[in-house]
Amino acid sequence: MPLIHQPRSREIDHVLEHASGDKRFKILEVFMKRHMFRADALIEVLHKAQELFGYLEDDLLIFVAHHLKLPPSRVYGVATFYHFFTLKPKGEHTCVVCLGTACYVKGANKVQAAVEEATGITAGETTPDDKVSLLTARCIGACGVAPAVTYDGQVAAKQTPEDALAKIKEWTGHDAE
Ligand code: FES
């Protein structure tokens with residue numbers, strides 16, 4: 001995992017640039033600010049990051065390392081050490097269903113159930129062909145457009161089970177129903 005151990009400044013710039021357009025990174029930044037960007041808040045910050053994104057991708061770990069002024073290798077080490085953190089799943093595509101309160105009351109559980117039935121996996125798993133990984137998040141910062149789902153990192157608004165199944169079909173190339 002060379003990127004996370006030795007991110008060059010250009011890679012950090014890239015992460016910060018793409019992060020600036022994603023509200024979830026802003027929410028995470030505010031959370032770190034509330035902890036005064038203290039390095040000893042790392043575990044709380046990683047928990048918050050996982051709640052927001054569903055899993056901890058390299059870019060996200062670099063973003064955290066940069067703001068807490070920690071070596072990326074240390075952040076990566078903590079993320080891999082504790083079993084309650086999930087690193088990027090191995091699926092070619094990743095679907096994260098938000099199960100925060102706003103999304104749940106608008107039917108996110110039905111979206112999750114539809115994806116689970118169509119793929120034959122449950123949240124936290126990857127299909128045997130490594131095409132799709134399914135995860136859940138606690139609140140991805142898009143409550144105004146609940147229920148929200150992220151598909152390969154892109155937040156999609158007001159998702160229905162049909163919307164999710166259409167995306168699964170697009171990814172897998174066959175009917176998900
Ligand atoms: S509860 Fe789903 S985006 Fe906030």
# chains A, B, ... in the order shown; residues from 1 in each chain; ligands from 1
$ residues_near_ligand --ligand "ligand 1" --cutoff "6 Å" --atoms "only C-alpha atoms and all ligand atoms" --output "list of chain:residue names"
A:Cys98, A:Leu99, A:Gly100, A:Thr101, A:Ala102, A:Cys103, A:Cys139, A:Ile140, A:Gly141, A:Ala142, A:Cys143, A:Ala146, A:Pro147, A:Ala148
$ residues_around --residues "A:Ala79" --least-positions-apart "5" --cutoff "9 Å" --atoms "only C-alpha atoms" --output "list in words"
Ile43, Leu46, Leu56, Leu61, Arg74, Phe84, Phe85, Thr86 and Leu87 of chain A
$ write_last_selection --atoms "N, CA and C atoms" --output "PDB file, in the first residue's frame"
ATOM      1  N   ILE A  43      -8.762   8.136  16.806  1.00  0.00           N
ATOM      2  CA  ILE A  43      -9.749   7.049  16.756  1.00  0.00           C
ATOM      3  C   ILE A  43     -11.168   7.616  16.613  1.00  0.00           C
ATOM      4  N   LEU A  46     -11.564   8.697  13.054  1.00  0.00           N
ATOM      5  CA  LEU A  46     -11.761   7.581  12.121  1.00  0.00           C
ATOM      6  C   LEU A  46     -13.168   6.992  12.251  1.00  0.00           C
ATOM      7  N   LEU A  56     -13.145   3.198   5.084  1.00  0.00           N
ATOM      8  CA  LEU A  56     -12.006   4.119   5.091  1.00  0.00           C
ATOM      9  C   LEU A  56     -11.114   3.862   3.881  1.00  0.00           C
ATOM     10  N   LEU A  61      -7.954   8.433   4.495  1.00  0.00           N
ATOM     11  CA  LEU A  61      -6.899   8.294   5.510  1.00  0.00           C
ATOM     12  C   LEU A  61      -5.830   9.371   5.322  1.00  0.00           C
ATOM     13  N   ARG A  74       0.904   5.954  10.213  1.00  0.00           N
ATOM     14  CA  ARG A  74       0.332   5.788  11.561  1.00  0.00           C
ATOM     15  C   ARG A  74      -1.198   5.683  11.473  1.00  0.00           C
ATOM     16  N   PHE A  84     -13.062  -2.803  14.250  1.00  0.00           N
ATOM     17  CA  PHE A  84     -14.287  -2.061  13.937  1.00  0.00           C
ATOM     18  C   PHE A  84     -14.110  -1.071  12.800  1.00  0.00           C
ATOM     19  N   PHE A  85     -12.916  -0.960  12.263  1.00  0.00           N
ATOM     20  CA  PHE A  85     -12.738  -0.117  11.077  1.00  0.00           C
ATOM     21  C   PHE A  85     -12.720  -0.991   9.827  1.00  0.00           C
ATOM     22  N   THR A  86     -13.358  -0.469   8.781  1.00  0.00           N
ATOM     23  CA  THR A  86     -13.417  -1.196   7.519  1.00  0.00           C
ATOM     24  C   THR A  86     -12.626  -0.430   6.468  1.00  0.00           C
ATOM     25  N   LEU A  87     -11.641  -1.067   5.875  1.00  0.00           N
ATOM     26  CA  LEU A  87     -10.909  -0.429   4.778  1.00  0.00           C
ATOM     27  C   LEU A  87     -11.688  -0.634   3.481  1.00  0.00           C
TER      28      LEU A  87
END
$ select_by_dssp --residues "stretch 76-167 of chain A" --states "strand (DSSP E)" --output "short mmCIF file (atom, residue, chain, number, x, y, z; two decimals) with C-alpha atoms, in the first residue's frame"
data_model
loop_
_atom_site.label_atom_id
_atom_site.label_comp_id
_atom_site.auth_asym_id
_atom_site.auth_seq_id
_atom_site.Cartn_x
_atom_site.Cartn_y
_atom_site.Cartn_z
CA HIS A 93 -18.10 -1.31 -7.22
CA THR A 94 -19.21 -0.11 -3.82
CA CYS A 95 -22.72 0.69 -2.67
CA VAL A 96 -23.12 2.41 0.70
CA VAL A 97 -26.68 2.73 2.00
CA CYS A 98 -27.13 5.42 4.63
CA VAL A 132 -20.23 -5.37 -5.75
CA SER A 133 -19.49 -4.58 -2.11
CA LEU A 134 -22.37 -3.45 0.08
CA LEU A 135 -21.91 -1.31 3.18
CA THR A 136 -23.97 0.94 5.39
CA ALA A 137 -23.22 4.35 6.90
CA VAL A 149 -26.98 6.10 -1.13
CA THR A 150 -23.42 6.41 -2.42
CA TYR A 151 -22.47 4.48 -5.53
CA GLN A 154 -20.95 9.51 -5.48
CA VAL A 155 -23.91 10.53 -3.34
CA ALA A 156 -27.29 9.84 -4.95
#
$ closest_residue --among "A:Lys167, A:Arg34, A:Arg8, A:Lys90" --to "A:Asp130" --atoms "only C-alpha atoms"
A:Lys90
$ closest_residue --among "A:Asp152, A:Glu170, A:Glu125, A:Glu51" --to "A:Arg24" --atoms "only C-alpha atoms"
A:Glu51
$ residues_around --residues "stretch 15-17 of chain A" --least-positions-apart "5" --cutoff "12 Å" --atoms "only C-alpha atoms" --output "list in words"
Leu3, Ile4, Pro7, Arg8, Ser9, Arg10, Asp22, Phe25, Lys26, Glu29, Glu57, Asp58, Asp59, Leu60, Leu61, Ile62, Phe63, Val64, Ala65, His66 and His67 of chain A
$ write_last_selection --atoms "N, CA and C atoms" --output "compact mmCIF listing (two decimals), in the first residue's frame"
# COMPACT_ATOMS: atom_id res chain seq x y z
N LEU A 3 0.87 4.13 -1.51
CA LEU A 3 0.29 5.47 -1.50
C LEU A 3 0.07 5.98 -0.08
N ILE A 4 -0.48 5.12 0.77
CA ILE A 4 -0.82 5.59 2.11
C ILE A 4 0.43 5.79 2.95
N PRO A 7 2.60 9.37 0.75
CA PRO A 7 1.93 10.24 -0.20
C PRO A 7 2.82 11.44 -0.54
N ARG A 8 2.98 11.69 -1.83
CA ARG A 8 3.76 12.86 -2.22
C ARG A 8 2.85 14.07 -2.14
N SER A 9 3.46 15.26 -2.11
CA SER A 9 2.64 16.46 -1.89
C SER A 9 1.62 16.61 -3.01
N ARG A 10 1.96 16.17 -4.24
CA ARG A 10 0.99 16.28 -5.33
C ARG A 10 -0.24 15.40 -5.05
N ASP A 22 -16.84 17.71 -1.74
CA ASP A 22 -17.67 16.68 -1.12
C ASP A 22 -18.00 17.12 0.31
N PHE A 25 -16.45 15.49 3.46
CA PHE A 25 -15.12 15.89 3.91
C PHE A 25 -15.20 17.15 4.77
N LYS A 26 -16.11 18.05 4.38
CA LYS A 26 -16.28 19.29 5.14
C LYS A 26 -16.78 18.96 6.55
N GLU A 29 -14.01 17.62 8.52
CA GLU A 29 -13.07 18.68 8.88
C GLU A 29 -13.59 19.46 10.09
N GLU A 57 -11.26 4.73 2.91
CA GLU A 57 -10.47 4.59 1.70
C GLU A 57 -9.13 5.32 1.88
N ASP A 58 -8.15 4.99 1.05
CA ASP A 58 -6.82 5.62 1.17
C ASP A 58 -6.91 7.15 1.19
N ASP A 59 -7.68 7.70 0.26
CA ASP A 59 -7.80 9.17 0.18
C ASP A 59 -8.28 9.76 1.50
N LEU A 60 -9.21 9.07 2.10
CA LEU A 60 -9.79 9.54 3.36
C LEU A 60 -8.73 9.49 4.48
N LEU A 61 -7.95 8.43 4.49
CA LEU A 61 -6.90 8.29 5.51
C LEU A 61 -5.83 9.37 5.32
N ILE A 62 -5.52 9.69 4.08
CA ILE A 62 -4.54 10.74 3.81
C ILE A 62 -5.09 12.09 4.26
N PHE A 63 -6.36 12.30 4.00
CA PHE A 63 -7.03 13.55 4.42
C PHE A 63 -6.94 13.71 5.94
N VAL A 64 -7.23 12.64 6.65
CA VAL A 64 -7.18 12.68 8.12
C VAL A 64 -5.74 12.91 8.58
N ALA A 65 -4.80 12.18 8.01
CA ALA A 65 -3.39 12.32 8.40
C ALA A 65 -2.92 13.76 8.20
N HIS A 66 -3.32 14.32 7.08
CA HIS A 66 -2.89 15.70 6.77
C HIS A 66 -3.42 16.67 7.83
N HIS A 67 -4.68 16.54 8.19
CA HIS A 67 -5.28 17.49 9.12
C HIS A 67 -4.82 17.29 10.57
$ atom_distance --atom1 "atom CA of A:Tyr82" --atom2 "atom CA of A:Asn109"
27.1 Å
$ atom_distance --atom1 "atom CA of A:His47" --atom2 "atom CA of A:Pro72"
16.5 Å
$ residues_around --residues "A:Asp129" --least-positions-apart "6" --cutoff "12 Å" --atoms "only C-alpha atoms" --output "PDB file with C-alpha atoms, in the first residue's frame"
ATOM      1  CA  LYS A  90     -12.555  -5.492  -2.507  1.00  0.00           C
ATOM      2  CA  GLY A  91     -15.575  -5.166  -4.787  1.00  0.00           C
ATOM      3  CA  GLU A  92     -15.104  -3.491  -8.150  1.00  0.00           C
ATOM      4  CA  HIS A  93     -18.099  -1.307  -7.215  1.00  0.00           C
ATOM      5  CA  THR A 119     -26.929  -9.490  -4.866  1.00  0.00           C
ATOM      6  CA  GLY A 120     -27.310 -12.326  -2.367  1.00  0.00           C
ATOM      7  CA  ILE A 121     -24.987 -10.586   0.098  1.00  0.00           C
ATOM      8  CA  TRP A 171     -22.700  -2.705 -12.621  1.00  0.00           C
ATOM      9  CA  THR A 172     -23.320  -6.393 -12.982  1.00  0.00           C
TER      10      THR A 172
END
$ residues_around --residues "A:Val115" --least-positions-apart "6" --cutoff "8 Å" --atoms "only C-alpha atoms" --output "PyMOL selection string"
chain A and resi 161+164-165+168
$ atom_distance --atom1 "atom CA of A:Glu116" --atom2 "atom CA of A:Ala49"
23.8 Å
